[in-house]
Amino acid sequence: MSSLNNFDREETMKRILLSLGLIATLLSTFACERKGGPGAGGQTGPIVVGYYGDLTGRTSNFGQSTKRGVEMAADEINKAGGINGRQITILSEDDEGRPEKAATVVTKLINQDRVVALLGEVASGNTLAAAPKAQAANVPMISPSSTNPAVTQVGDYISRVCFIDPFQGDVMAKFAANTLKAKKAAIMLDFNSPYSRGLTEFFEASFKKLGGEIVDKQSYTQGDRDYKGQLTAIRSKNPDVIYVPGYYGEVGVIAKQAKQLDIKAPLLGGDGWDSTQLWDLGGDSLNGDYISNHYSVDDPSPAIQKFVADYKARNGEVPDALAALGYDAMKVLADAIKRAGTTEGPQLKDAINATKDFVGVTGTISLDKDRNAVKPAVVLKLQNRKYIYQETIYPEGMTPPSGAPTAPSPATSTASPAAASPSPTAKSAASPASSPAKAASPASSPAKAASPAASTKPASTPN
Amino acid sequence: MPTFKRVLSTIAIILALYLVNAFMSKEGLFGFGFGAYPTDVLMTLTINIILAVSLNLITGFTGQFSIGHAGFMAIGAYASAYLVVYHAQFWERDLAAVVGFTTAHALIFMIAIAFGSLVAAFAGLLVGIPSLRLRGDYLAIVTLGFAEIIRIVILNIDKVGGATGFSVPSYSNFIWVGGFAIISIVIVYNIVHSDIGRALVSIREDELAAEAMGINTTRYKVLAFVISSALAGLAGVLFGHYRSFLSTNDFQFIRSFEIIIMIVLGGMGSLTGAVLGAVVITIMPELLRQLPGDFSRYRLVVYSAMLIVIILTRPQGILGTREFSLSWLKRARKRPEGDQVVGGTGGVSIAEQGPPSAIDRKKEEENR
Amino acid sequence: MDTFVQQLINGLTVGAIYALIALGYTMVYGILRLINFAHGDIYMVGAFVGYFLAFQLGFATGPSLLGLSVVLVASMIAAALVGMAIERFAYRPLRKYARMTTLIAAIGVSLLIENLFVARLGAAPRAFPQLLSEKSYTLFGNAAISKSQILIFAVSVALMLLLQWVIFKTKVGTAMRAVSFNLNSAKLMGINTDFIISFTFALGSALAAAGGVLTAQYNPQIDPLMGILTGLKAFVAAVLGGIGNIPGAVLGGLLIGIAETFVVGYGQNVGIPSTFRDAVAFAILILVLLVRPSGLLGSTVQEKV
């Protein structure tokens, strides 16, 4: 250590600062570049769209599936000549399923790659981290499948092509209460996921309103190895159903461990279950469980079947809901660009938000004033590695289109939303109104109100 | 240094900071500037310098092995984020009406920094007092445990975002970060070269002897720990308001490990070593990113391998306990080998001998 | 009551795994006074070796006890080799330096293993094939124990008994104890300390790998980073029991497992959300170190002034 007399102190101090300066200068020479050039958002040349998602992390199935859907849509559009003659280029970034990474890669896409719009993310937690960056930079972002209401509340540049959790939680609550006739439910939620917590809140509110009782609520963390502690506690309360609104990685194991504990009640879940890995982890213990989802692969409508066939030919497997939503998101974006006639932020944003009656594979997409899509949900039963269509549940005030698919489903009573609770948003304290029913025209309601009282037909046949 | 020289150098430093900051901004300076990526690396590097230097004070100079530094960084970051998001940003609005936006912005940030550092210092006090009784490995484990508990507790607090993360307003720019890096270096330097510093080093060399000489080892250890934590909190505040997004994933123990690696690599008894270590550890993964094509995926593997190689070939770090000085380059002869120290109380398993680094000899005594 | 028993069973299951890993930590610390940070990753390596072997050898198609046994033994052997290699190339050269240096090397090795697996296999979790046909046996009332839980208990107990036998009834074991007492004296007595140290690493790694395979059966989701937190908690278990103390490691592991499960299962009633599960181990650690640093079964070493 240097001696302590003053001269040496000064000298060493100077040297430290000198070396810092040297380092800084050295680094600067490598880092300099020309700045202030025109942005890449010009009106000619390829349209650069940014995609971000979990490509390698815990929920990589989500990111990969959605990416495949997006890319397939982009390719189709490009083959048909692009948008106004311009080809689409997709730049994708991996956020490893972590919110801080999502924020970072979105910043990079915006600042460095100057994308005109962003597609992503799946998990609401990650979208919530990235959305403020897009909003602040006036870059439109469309989320294919984030369902937490808070996502679009970030600002008017953020929109989505899927339904939101107040609706999704309500759907499952209705299915549980009306179709499965459950009176007592327990909830096992992923504590750190806004998606899971949101769904829990909405399910709980709806279920209670339908006369049900929540007998226990337990939580876990992504990455936990053992759920028996929570499951045992739940088991002791004897629920009729257990709502597990989490992601496939944990849910698969939860199902397995629930069966080991001899739990007979069926598990209910949301779109976060949708992944092939779910079956690898849970195997047969998943049989007899149900989820709410965005679309059913068995939907006989020609448009969907064509999509399924094309995707299968291209990727070798059947598309899950996330791929379908990714596909739709890209198509909606392309449609908006065409309508706007430009890729400039503000105009593009307006065009996206004005999307009405866009026919996608996951349904007809119209963005309401909160920039959420008003769409029905399907309830699927898990059996032998397949998802079997049960019923479709429509948001309040939405008329099921005529000629809507019929599907073989066990005789269950209608679970039409109009008959049941008023807008689920009435209960959710956290989020301001984002009711899926906003688009309802008064004429349709009385007609709907009549049907559920009368019908005991399988839900899938409207009219 | 005569006052004239002192004032001149201060002005020069401030100018340099402004210059770099201008380069970092979007428009650059006269059309030139740093891209977004080098800017990020430079900012991260400077923050890492603060972390390395602060850890060096407690681990390198006082010999107390703490691997919980990320915890204090987290406390600083989240405390200041909380203050800003829930209170200070409103003060700023009111203040701006009076003194104008820039001044208000700067003042509020100063308040946030002060708050974050103070809370971190307080946490350091709470953690330090019970823990510093322990030695060596045990202190290391306890600090690790505390850091993890801190992280998990923060993770469970919804008001600061929980697992979703916390969006905070952006305040940091290179003027702040660089300025505070220099200030931290000066602070630690001055401490080390003062009476307090001598006490700290004596504690590192031989705590029992120091105690026997009348030095209140506990007081000094806690003091170093608190200052160290305060600086870590400072780094946390700067970090949080630079990323403008906080997630507990950024404060896992892997980060504490990173900082330890920085100072070990640079040489634990050396201030310049800490800085050098920070530079190497920050830059290495980025340089490796340039590896062609698929190899870039393996960059972290190469990084870890390089770490192992470096520690195997030069365990005392690059600078050992010496500071950077130009005369080192002229030095042809090696320093004489230290004494052979063997044994200790029963149960010691490794006969210690080797390069004359103070850290090594001390570890003899450790045996619980 | 049956819920309590169930939670106890759950806790002991988790604890048994911690115990297996903790044994490795405690043995290495006893001999070298080194916290082998890479040990948790050996647990992960064991699970992955088992995963690949199961597919390669064709056991993944259906449950088979033979498949399970082969996979278990094979991954234990593989992990033992890895452990010995780490000791030989990363720790042995640093033996004459400060412990902190070896600690850094351990951290480096841990990072290396993790990053290697992530780079090669991706961070996404994979599903370990089911090698044991699942079945649940009711004990009484609602308390049930599953086949994989029984497996974990059976194998852990067997391995621990085996370890006891090795350490107390064989020459190698006596040598191990001698080395942990005083390395230099052991050398003077003619013991090949290098070999003994390698052997210790091999034993510890094999146990950790067994833990890995057993866990993978119980919770099939494996990923390259699964060893980090589990390893840390197992280390806490070793400290809790008294680091360097073998029965202590087992006791510590079981206690941590039970504590965790109980906090998760009952914590809600006292306002502790189950997400504090990971904090439990660390809280226990801090408590132990502040109150009784030598651990529950450890002995206090007098310090010569």
# chains A, B, ... in the order shown; residues from 1 in each chain; ligands from 1
>>> residues_around(residues="Gly116 in chain B", least_positions_apart="5", cutoff="10 Å", atoms="only C-alpha atoms", output="JSON list (two decimals) with all heavy atoms, in the first residue's frame")
[["chain", "number", "residue", "atom", "x", "y", "z"],
["B", 72, "PHE", "N", -27.97, -4.60, -0.59],
["B", 72, "PHE", "CA", -27.96, -3.17, -0.26],
["B", 72, "PHE", "C", -28.21, -2.33, -1.50],
["B", 72, "PHE", "O", -28.83, -1.26, -1.44],
["B", 72, "PHE", "CB", -26.64, -2.79, 0.40],
["B", 72, "PHE", "CG", -26.41, -3.55, 1.67],
["B", 72, "PHE", "CD1", -25.37, -4.44, 1.79],
["B", 72, "PHE", "CD2", -27.28, -3.39, 2.74],
["B", 72, "PHE", "CE1", -25.19, -5.16, 2.95],
["B", 72, "PHE", "CE2", -27.10, -4.10, 3.90],
["B", 72, "PHE", "CZ", -26.06, -5.00, 4.01],
["B", 73, "MET", "N", -27.72, -2.83, -2.60],
["B", 73, "MET", "CA", -28.00, -2.13, -3.86],
["B", 73, "MET", "C", -29.51, -2.11, -4.10],
["B", 73, "MET", "O", -30.08, -1.07, -4.46],
["B", 73, "MET", "CB", -27.29, -2.89, -4.98],
["B", 73, "MET", "CG", -27.26, -2.18, -6.29],
["B", 73, "MET", "SD", -26.54, -3.26, -7.54],
["B", 73, "MET", "CE", -26.92, -2.33, -9.01],
["B", 74, "ALA", "N", -30.13, -3.26, -3.86],
["B", 74, "ALA", "CA", -31.58, -3.35, -4.05],
["B", 74, "ALA", "C", -32.31, -2.39, -3.12],
["B", 74, "ALA", "O", -33.25, -1.70, -3.53],
["B", 74, "ALA", "CB", -32.05, -4.78, -3.80],
["B", 75, "ILE", "N", -31.86, -2.34, -1.87],
["B", 75, "ILE", "CA", -32.54, -1.46, -0.92],
["B", 75, "ILE", "C", -32.45, -0.02, -1.38],
["B", 75, "ILE", "O", -33.43, 0.73, -1.36],
["B", 75, "ILE", "CB", -31.94, -1.62, 0.48],
["B", 75, "ILE", "CG1", -32.34, -2.98, 1.04],
["B", 75, "ILE", "CG2", -32.41, -0.51, 1.40],
["B", 75, "ILE", "CD1", -31.90, -3.20, 2.45],
["B", 76, "GLY", "N", -31.26, 0.39, -1.78],
["B", 76, "GLY", "CA", -31.10, 1.75, -2.27],
["B", 76, "GLY", "C", -32.00, 2.02, -3.45],
["B", 76, "GLY", "O", -32.72, 3.03, -3.49],
["B", 77, "ALA", "N", -31.99, 1.09, -4.40],
["B", 77, "ALA", "CA", -32.79, 1.29, -5.61],
["B", 77, "ALA", "C", -34.28, 1.38, -5.30],
["B", 77, "ALA", "O", -34.97, 2.30, -5.74],
["B", 77, "ALA", "CB", -32.53, 0.15, -6.59],
["B", 78, "TYR", "N", -34.76, 0.44, -4.53],
["B", 78, "TYR", "CA", -36.20, 0.40, -4.27],
["B", 78, "TYR", "C", -36.65, 1.52, -3.34],
["B", 78, "TYR", "O", -37.74, 2.08, -3.51],
["B", 78, "TYR", "CB", -36.60, -0.96, -3.71],
["B", 78, "TYR", "CG", -36.87, -1.99, -4.78],
["B", 78, "TYR", "CD1", -35.86, -2.81, -5.23],
["B", 78, "TYR", "CD2", -38.13, -2.10, -5.36],
["B", 78, "TYR", "CE1", -36.10, -3.73, -6.23],
["B", 78, "TYR", "CE2", -38.37, -3.02, -6.35],
["B", 78, "TYR", "CZ", -37.35, -3.84, -6.79],
["B", 78, "TYR", "OH", -37.60, -4.75, -7.79],
["B", 79, "ALA", "N", -35.80, 1.86, -2.37],
["B", 79, "ALA", "CA", -36.19, 2.94, -1.47],
["B", 79, "ALA", "C", -36.35, 4.23, -2.25],
["B", 79, "ALA", "O", -37.35, 4.94, -2.12],
["B", 79, "ALA", "CB", -35.14, 3.11, -0.37],
["B", 80, "SER", "N", -35.37, 4.50, -3.08],
["B", 80, "SER", "CA", -35.45, 5.75, -3.83],
["B", 80, "SER", "C", -36.59, 5.69, -4.84],
["B", 80, "SER", "O", -37.30, 6.69, -5.05],
["B", 80, "SER", "CB", -34.12, 6.03, -4.52],
["B", 80, "SER", "OG", -34.27, 6.09, -5.90],
["B", 81, "ALA", "N", -36.79, 4.52, -5.44],
["B", 81, "ALA", "CA", -37.88, 4.39, -6.41],
["B", 81, "ALA", "C", -39.21, 4.66, -5.73],
["B", 81, "ALA", "O", -40.07, 5.39, -6.25],
["B", 81, "ALA", "CB", -37.88, 3.00, -7.01],
["B", 82, "TYR", "N", -39.36, 4.10, -4.55],
["B", 82, "TYR", "CA", -40.60, 4.31, -3.81],
["B", 82, "TYR", "C", -40.80, 5.79, -3.54],
["B", 82, "TYR", "O", -41.87, 6.35, -3.75],
["B", 82, "TYR", "CB", -40.54, 3.53, -2.49],
["B", 82, "TYR", "CG", -41.76, 3.73, -1.63],
["B", 82, "TYR", "CD1", -42.92, 3.00, -1.85],
["B", 82, "TYR", "CD2", -41.75, 4.66, -0.60],
["B", 82, "TYR", "CE1", -44.03, 3.18, -1.07],
["B", 82, "TYR", "CE2", -42.87, 4.86, 0.19],
["B", 82, "TYR", "CZ", -44.01, 4.12, -0.06],
["B", 82, "TYR", "OH", -45.12, 4.31, 0.72],
["B", 83, "LEU", "N", -39.75, 6.44, -3.05],
["B", 83, "LEU", "CA", -39.86, 7.85, -2.71],
["B", 83, "LEU", "C", -40.26, 8.67, -3.94],
["B", 83, "LEU", "O", -41.17, 9.49, -3.91],
["B", 83, "LEU", "CB", -38.52, 8.36, -2.17],
["B", 83, "LEU", "CG", -38.54, 9.83, -1.75],
["B", 83, "LEU", "CD1", -39.34, 10.00, -0.49],
["B", 83, "LEU", "CD2", -37.13, 10.37, -1.56],
["B", 110, "MET", "N", -31.16, 14.47, -6.24],
["B", 110, "MET", "CA", -30.26, 14.50, -5.11],
["B", 110, "MET", "C", -30.96, 13.98, -3.86],
["B", 110, "MET", "O", -30.40, 13.22, -3.08],
["B", 110, "MET", "CB", -29.78, 15.94, -4.85],
["B", 110, "MET", "CG", -28.73, 16.42, -5.80],
["B", 110, "MET", "SD", -27.04, 16.39, -5.14],
["B", 110, "MET", "CE", -26.96, 14.93, -4.21],
["B", 111, "ILE", "N", -32.19, 14.39, -3.70],
["B", 111, "ILE", "CA", -32.95, 13.92, -2.54],
["B", 111, "ILE", "C", -33.12, 12.41, -2.61],
["B", 111, "ILE", "O", -32.94, 11.70, -1.62],
["B", 111, "ILE", "CB", -34.32, 14.62, -2.46],
["B", 111, "ILE", "CG1", -34.12, 16.11, -2.25],
["B", 111, "ILE", "CG2", -35.18, 14.01, -1.37],
["B", 111, "ILE", "CD1", -35.42, 16.89, -2.20],
["B", 121, "ALA", "N", -27.66, 2.49, 4.10],
["B", 121, "ALA", "CA", -26.70, 2.57, 5.21],
["B", 121, "ALA", "C", -27.33, 2.01, 6.49],
["B", 121, "ALA", "O", -26.72, 1.25, 7.23],
["B", 121, "ALA", "CB", -26.27, 4.02, 5.42],
["B", 122, "PHE", "N", -28.57, 2.39, 6.69],
["B", 122, "PHE", "CA", -29.27, 1.90, 7.87],
["B", 122, "PHE", "C", -29.40, 0.39, 7.83],
["B", 122, "PHE", "O", -29.19, -0.30, 8.83],
["B", 122, "PHE", "CB", -30.66, 2.56, 7.94],
["B", 122, "PHE", "CG", -31.42, 2.22, 9.17],
["B", 122, "PHE", "CD1", -30.95, 2.58, 10.43],
["B", 122, "PHE", "CD2", -32.62, 1.51, 9.09],
["B", 122, "PHE", "CE1", -31.65, 2.24, 11.58],
["B", 122, "PHE", "CE2", -33.33, 1.19, 10.24],
["B", 122, "PHE", "CZ", -32.84, 1.56, 11.48],
["B", 230, "ALA", "N", -23.86, 2.04, 2.16],
["B", 230, "ALA", "CA", -24.40, 3.30, 1.67],
["B", 230, "ALA", "C", -24.01, 3.51, 0.22],
["B", 230, "ALA", "O", -24.83, 3.89, -0.61],
["B", 230, "ALA", "CB", -23.89, 4.46, 2.53],
["B", 231, "LEU", "N", -22.75, 3.24, -0.08],
["B", 231, "LEU", "CA", -22.30, 3.42, -1.46],
["B", 231, "LEU", "C", -22.98, 2.42, -2.40],
["B", 231, "LEU", "O", -23.31, 2.74, -3.54],
["B", 231, "LEU", "CB", -20.77, 3.27, -1.54],
["B", 231, "LEU", "CG", -20.00, 4.44, -0.93],
["B", 231, "LEU", "CD1", -18.51, 4.15, -0.93],
["B", 231, "LEU", "CD2", -20.29, 5.72, -1.70],
["B", 232, "ALA", "N", -23.21, 1.20, -1.89],
["B", 232, "ALA", "CA", -23.92, 0.23, -2.71],
["B", 232, "ALA", "C", -25.33, 0.72, -2.98],
["B", 232, "ALA", "O", -25.85, 0.60, -4.09],
["B", 232, "ALA", "CB", -23.96, -1.13, -2.01],
["B", 233, "GLY", "N", -25.96, 1.31, -1.95],
["B", 233, "GLY", "CA", -27.29, 1.86, -2.13],
["B", 233, "GLY", "C", -27.27, 2.98, -3.16],
["B", 233, "GLY", "O", -28.17, 3.09, -3.99],
["B", 234, "LEU", "N", -26.23, 3.79, -3.09],
["B", 234, "LEU", "CA", -26.08, 4.87, -4.07],
["B", 234, "LEU", "C", -26.04, 4.30, -5.48],
["B", 234, "LEU", "O", -26.75, 4.77, -6.37],
["B", 234, "LEU", "CB", -24.77, 5.62, -3.77],
["B", 234, "LEU", "CG", -24.24, 6.54, -4.87],
["B", 234, "LEU", "CD1", -25.14, 7.74, -5.01],
["B", 234, "LEU", "CD2", -22.83, 6.98, -4.55],
["B", 235, "ALA", "N", -25.23, 3.26, -5.64],
["B", 235, "ALA", "CA", -25.16, 2.62, -6.95],
["B", 235, "ALA", "C", -26.52, 2.10, -7.37],
["B", 235, "ALA", "O", -26.92, 2.20, -8.53],
["B", 235, "ALA", "CB", -24.15, 1.47, -6.92],
["B", 236, "GLY", "N", -27.26, 1.58, -6.39],
["B", 236, "GLY", "CA", -28.59, 1.07, -6.69],
["B", 236, "GLY", "C", -29.52, 2.16, -7.20],
["B", 236, "GLY", "O", -30.26, 1.96, -8.16],
["B", 237, "VAL", "N", -29.48, 3.32, -6.54],
["B", 237, "VAL", "CA", -30.34, 4.42, -6.98],
["B", 237, "VAL", "C", -30.00, 4.81, -8.41],
["B", 237, "VAL", "O", -30.87, 4.95, -9.27],
["B", 237, "VAL", "CB", -30.16, 5.64, -6.05],
["B", 237, "VAL", "CG1", -30.97, 6.81, -6.58],
["B", 237, "VAL", "CG2", -30.57, 5.31, -4.65],
["B", 238, "LEU", "N", -28.71, 4.97, -8.67],
["B", 238, "LEU", "CA", -28.29, 5.37, -10.01],
["B", 238, "LEU", "C", -28.72, 4.33, -11.04],
["B", 238, "LEU", "O", -29.18, 4.66, -12.13],
["B", 238, "LEU", "CB", -26.77, 5.54, -10.05],
["B", 238, "LEU", "CG", -26.22, 6.69, -9.20],
["B", 238, "LEU", "CD1", -24.71, 6.62, -9.10],
["B", 238, "LEU", "CD2", -26.64, 8.02, -9.81]]
>>> residues_around(residues="range 298-310 of chain B", least_positions_apart="6", cutoff="6 Å", atoms="only C-alpha atoms", output="JSON, numbers by chain")
{"B": [288], "C": [105, 108, 111, 112, 115, 116, 119]}
>>> write_last_selection(atoms="N, CA and C atoms", output="compact mmCIF listing (two decimals), in the first residue's frame")
# COMPACT_ATOMS: atom_id res chain seq x y z
N LEU B 288 -17.08 -10.64 -25.80
CA LEU B 288 -17.35 -12.01 -26.24
C LEU B 288 -18.59 -12.07 -27.11
N ALA C 105 -13.11 -19.74 -7.31
CA ALA C 105 -13.03 -20.81 -8.30
C ALA C 105 -14.30 -21.62 -8.31
N GLY C 108 -16.86 -19.80 -10.06
CA GLY C 108 -16.58 -19.88 -11.49
C GLY C 108 -17.02 -21.20 -12.09
N LEU C 111 -20.80 -21.29 -12.36
CA LEU C 111 -21.27 -20.51 -13.50
C LEU C 111 -20.99 -21.24 -14.80
N LEU C 112 -19.81 -21.87 -14.86
CA LEU C 112 -19.43 -22.56 -16.08
C LEU C 112 -20.43 -23.67 -16.40
N ASN C 115 -23.90 -22.15 -17.35
CA ASN C 115 -23.92 -21.52 -18.67
C ASN C 115 -23.73 -22.54 -19.78
N LEU C 116 -22.94 -23.54 -19.52
CA LEU C 116 -22.71 -24.57 -20.53
C LEU C 116 -24.03 -25.27 -20.86
N ALA C 119 -26.38 -22.83 -22.63
CA ALA C 119 -25.98 -22.58 -24.02
C ALA C 119 -26.29 -23.79 -24.90
>>> closest_residue(among="B:Leu223, B:Leu208, B:Ile203, B:Val188", to="chain A", atoms="only C-alpha atoms")
B:Val188
>>> closest_residue(among="B:Leu246, B:Val275, B:Val85, B:Met262", to="Ser184 in chain B", atoms="only C-alpha atoms")
B:Val275
>>> select_by_dssp(residues="range 4-134 of chain B", states="helix (DSSP H, G or I)", output="PyMOL selection string")
chain B and resi 4-24+36-61+69-99+101-131
>>> interface_residues(of="chain C", to="chain A", cutoff="7 Å", atoms="only C-alpha atoms", output="list in words")
Thr3, Gln6, Gln7, Asn10, Gly122, Ala123, Ala124, Pro125, Ala127, Lys135, Ser136, Ala144, Ser146, Asn219, Pro220, Gln221, Thr261, Val264, Gly265, Ser274 and Thr275 of chain C
>>> closest_residue(among="C:Met84, C:Ile9, C:Met1, C:Met100", to="Gly317 in chain B", atoms="only C-alpha atoms")
C:Met100
>>> select_by_dssp(residues="range 116-239 of chain A", states="strand (DSSP E or B)", output="list in words")
Ala117, Leu118, Leu119, Met141, Ile142, Ser143, Ile158, Ser159, Arg160, Lys184, Ala185, Ala186, Ile187, Met188, Leu189, Asp190, Glu213, Ile214, Val215, Asp216, Lys217, Gln218, Ser219 and Tyr220 of chain A
>>> closest_residue(among="C:Pro273, C:Gly204, C:Gly173, C:Gly62", to="chain B", atoms="only C-alpha atoms")
C:Pro273
>>> atom_distance(atom1="CA of Ala210 in chain C", atom2="CA of Phe4 in chain C")
27.8 Å
>>> residues_around(residues="Asp165 in chain A", least_positions_apart="4", cutoff="12 Å", atoms="only C-alpha atoms", output="ChimeraX atom specification")
/A:124,145-151,169-173,194-206,245,269-272,292-294,372-375,377,395,424-425,428,431,434-436
>>> closest_residue(among="B:Tyr138, B:Phe245, B:Phe251, B:Tyr86", to="chain A", atoms="only C-alpha atoms")
B:Phe245
>>> residues_around(residues="Phe253 in chain B", least_positions_apart="2", cutoff="9 Å", atoms="only C-alpha atoms", output="list in words")
Ile67, Gly68, His69, Ala70, Gly71, Leu144, Ala147, Glu148, Phe251, Arg255, Ser256, Phe257 and Glu258 of chain B
>>> residues_around(residues="Val192 in chain B", least_positions_apart="6", cutoff="9 Å", atoms="only C-alpha atoms", output="ChimeraX atom specification")
/B:57,61,198,200-201
